[in-house]
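A.B. asks: My questions will all concern the structure given below.
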Amino acid sequence: MAGSINKVILIGNLGKDPEIQYFDNGGSVVRFPLATSETYTNRNNERITNTEWHNIRIGIKGLADVAHKYLKKGHKVYLEGQIQTRKWQDSAGIERYKTEIVVSEMTMLSPRAEVVNYSDNDLPQT
């Protein structure tokens, strides 16, 4: 196999409502934290839950609009994308890094009944 693969598949719950940022060129980006959890029983018969938090970024216009409008804190979502680390200097000249999942595919998994602020006509057709 030639080359390499950078692909991420996550199913998790939103840690807070998505935040949208608009740009002068008409584009937008939506960001939110996503929690994925693993539960198991250890040797002492104790249930252990490990939660991993992921920084999610959606920059595809239609997908970003849907995520901002319909996703809420606690909703379950399926995401596909790539890992991307950005580097910048803050105002003090210190190098900062942020690793994000840049989403290319999204499927909302929470039941439609959980989206109580919108009528059925407002929901995207699946």
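By order of appearance in the structure tokens: chains A, B, ..., then residues from 1 within every chain, and ligands from 1 in the order shown.
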Do you know which residues are at most 9 Å from stretch 24-29 of chain A counting only C-alpha atoms, after dropping those on the same chain fewer than 4 positions away, and could you put them as a PDB file with all heavy atoms, in the first residue's frame?
C.D. replies:
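And here's out_5.pdb as it stands now:
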ATOM      1  N   GLU A  19     -20.473  26.109  18.539  1.00  0.00           N
ATOM      2  CA  GLU A  19     -20.258  27.546  18.358  1.00  0.00           C
ATOM      3  C   GLU A  19     -19.850  27.781  16.911  1.00  0.00           C
ATOM      4  O   GLU A  19     -19.022  27.048  16.375  1.00  0.00           O
ATOM      5  CB  GLU A  19     -19.167  28.043  19.300  1.00  0.00           C
ATOM      6  CG  GLU A  19     -19.543  27.908  20.760  1.00  0.00           C
ATOM      7  CD  GLU A  19     -18.427  28.310  21.701  1.00  0.00           C
ATOM      8  OE1 GLU A  19     -17.317  28.649  21.227  1.00  0.00           O
ATOM      9  OE2 GLU A  19     -18.666  28.293  22.914  1.00  0.00           O
ATOM     10  N   ILE A  20     -20.441  28.807  16.296  1.00  0.00           N
ATOM     11  CA  ILE A  20     -20.147  29.090  14.892  1.00  0.00           C
ATOM     12  C   ILE A  20     -19.371  30.394  14.781  1.00  0.00           C
ATOM     13  O   ILE A  20     -19.573  31.318  15.574  1.00  0.00           O
ATOM     14  CB  ILE A  20     -21.453  29.146  14.055  1.00  0.00           C
ATOM     15  CG1 ILE A  20     -21.137  29.099  12.566  1.00  0.00           C
ATOM     16  CG2 ILE A  20     -22.298  30.343  14.438  1.00  0.00           C
ATOM     17  CD1 ILE A  20     -22.317  28.743  11.685  1.00  0.00           C
ATOM     18  N   ARG A  57     -14.040  20.277  14.540  1.00  0.00           N
ATOM     19  CA  ARG A  57     -14.157  21.445  13.664  1.00  0.00           C
ATOM     20  C   ARG A  57     -14.849  21.017  12.372  1.00  0.00           C
ATOM     21  O   ARG A  57     -14.439  20.054  11.722  1.00  0.00           O
ATOM     22  CB  ARG A  57     -12.776  22.022  13.343  1.00  0.00           C
ATOM     23  CG  ARG A  57     -12.871  23.302  12.511  1.00  0.00           C
ATOM     24  CD  ARG A  57     -11.524  23.943  12.306  1.00  0.00           C
ATOM     25  NE  ARG A  57     -10.893  23.334  11.148  1.00  0.00           N
ATOM     26  CZ  ARG A  57      -9.590  23.161  11.007  1.00  0.00           C
ATOM     27  NH1 ARG A  57      -8.771  23.516  11.955  1.00  0.00           N
ATOM     28  NH2 ARG A  57      -9.116  22.618   9.917  1.00  0.00           N
ATOM     29  N   ILE A  58     -15.910  21.755  12.012  1.00  0.00           N
ATOM     30  CA  ILE A  58     -16.631  21.493  10.761  1.00  0.00           C
ATOM     31  C   ILE A  58     -16.590  22.766   9.937  1.00  0.00           C
ATOM     32  O   ILE A  58     -17.125  23.794  10.354  1.00  0.00           O
ATOM     33  CB  ILE A  58     -18.095  21.073  11.020  1.00  0.00           C
ATOM     34  CG1 ILE A  58     -18.152  19.855  11.950  1.00  0.00           C
ATOM     35  CG2 ILE A  58     -18.806  20.797   9.698  1.00  0.00           C
ATOM     36  CD1 ILE A  58     -19.552  19.452  12.349  1.00  0.00           C
ATOM     37  N   GLY A  59     -15.956  22.691   8.768  1.00  0.00           N
ATOM     38  CA  GLY A  59     -15.818  23.858   7.913  1.00  0.00           C
ATOM     39  C   GLY A  59     -16.552  23.754   6.597  1.00  0.00           C
ATOM     40  O   GLY A  59     -16.582  24.705   5.823  1.00  0.00           O
ATOM     41  N   ILE A  60     -17.172  22.622   6.316  1.00  0.00           N
ATOM     42  CA  ILE A  60     -17.941  22.445   5.089  1.00  0.00           C
ATOM     43  C   ILE A  60     -19.263  23.196   5.264  1.00  0.00           C
ATOM     44  O   ILE A  60     -20.003  22.935   6.211  1.00  0.00           O
ATOM     45  CB  ILE A  60     -18.189  20.960   4.799  1.00  0.00           C
ATOM     46  CG1 ILE A  60     -16.854  20.233   4.628  1.00  0.00           C
ATOM     47  CG2 ILE A  60     -19.077  20.784   3.578  1.00  0.00           C
ATOM     48  CD1 ILE A  60     -16.971  18.726   4.573  1.00  0.00           C
ATOM     49  N   LYS A  61     -19.551  24.122   4.364  1.00  0.00           N
ATOM     50  CA  LYS A  61     -20.657  25.078   4.518  1.00  0.00           C
ATOM     51  C   LYS A  61     -21.976  24.430   4.941  1.00  0.00           C
ATOM     52  O   LYS A  61     -22.503  24.736   6.000  1.00  0.00           O
ATOM     53  CB  LYS A  61     -20.837  25.870   3.215  1.00  0.00           C
ATOM     54  CG  LYS A  61     -21.981  26.842   3.228  1.00  0.00           C
ATOM     55  CD  LYS A  61     -21.668  28.070   4.053  1.00  0.00           C
ATOM     56  CE  LYS A  61     -22.769  29.100   3.903  1.00  0.00           C
ATOM     57  NZ  LYS A  61     -23.259  29.582   5.163  1.00  0.00           N
ATOM     58  N   ALA A  64     -21.695  22.519   8.312  1.00  0.00           N
ATOM     59  CA  ALA A  64     -21.524  23.429   9.452  1.00  0.00           C
ATOM     60  C   ALA A  64     -22.866  24.051   9.838  1.00  0.00           C
ATOM     61  O   ALA A  64     -23.186  24.158  11.026  1.00  0.00           O
ATOM     62  CB  ALA A  64     -20.511  24.516   9.114  1.00  0.00           C
ATOM     63  N   ASP A  65     -23.662  24.441   8.848  1.00  0.00           N
ATOM     64  CA  ASP A  65     -24.965  25.044   9.125  1.00  0.00           C
ATOM     65  C   ASP A  65     -25.896  24.059   9.828  1.00  0.00           C
ATOM     66  O   ASP A  65     -26.583  24.407  10.792  1.00  0.00           O
ATOM     67  CB  ASP A  65     -25.618  25.545   7.838  1.00  0.00           C
ATOM     68  CG  ASP A  65     -24.866  26.718   7.223  1.00  0.00           C
ATOM     69  OD1 ASP A  65     -24.090  27.377   7.945  1.00  0.00           O
ATOM     70  OD2 ASP A  65     -25.049  26.962   6.011  1.00  0.00           O
TER      71      ASP A  65
END
A.B. asks: Quick one: pick out all strand (DSSP E or B) residues within stretch 1-51 of chain A from a backbone DSSP run and write them as number ranges by chain.
C.D. replies: A: 8-14, 19-22, 28-41, 47-51
A.B. asks: Any idea what's packed within 9 Å of A:Asn55, counting only C-alpha atoms, ignoring anything in its chain fewer than 5 positions away? Could you give it as a list in words?
C.D. replies: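 Surrounding residues, per the criterion: Arg31, Phe32, Pro33, Leu34, Lys98, Thr99, Glu100, Ile101 and Val102 of chain A.
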A.B. asks: Would you kindly return, as a ChimeraX atom specification, each protein, DNA or RNA residue with an atom no farther than 6 Å from any atom of A:Asn13, considering only C-alpha atoms and excluding same-chain residues fewer than 3 positions away?
C.D. replies: /A:34-35,74-76
A.B. asks: From the options A:Thr107, A:Ser37, A:Asn42, A:Gln84, which residue's atoms come nearest to A:Ile56, counting only C-alpha atoms?
C.D. replies: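 Ranked by minimum distance to A:Ile56, first place goes to A:Gln84.
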A.B. asks: Just the helix (DSSP H, G or I) stuff from chain A, please, per backbone DSSP, written as a count of residues only.
C.D. replies: 13
A.B. asks: Given only C-alpha atoms as the basis, pick out the residue of A:Lys73, A:Lys7, A:Arg47, A:Lys16 nearest to A:Val103.
C.D. replies: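 Among A:Lys73, A:Lys7, A:Arg47, A:Lys16, it is A:Lys7 that comes nearest to A:Val103.
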A.B. asks: Skipping near chain neighbours, those fewer than 2 positions away, what residues fall within 10 Å of A:Thr49 using only C-alpha atoms, listed as a PyMOL selection string?
C.D. replies: chain A and resi 37-41+46-47+51-52
A.B. asks: Between atom CA of A:Ser4 and atom CA of A:Thr85, what is the distance in Å, rounded to a tenth?
C.D. replies: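 Atom CA of A:Thr85 lies 16.6 Å from atom CA of A:Ser4.
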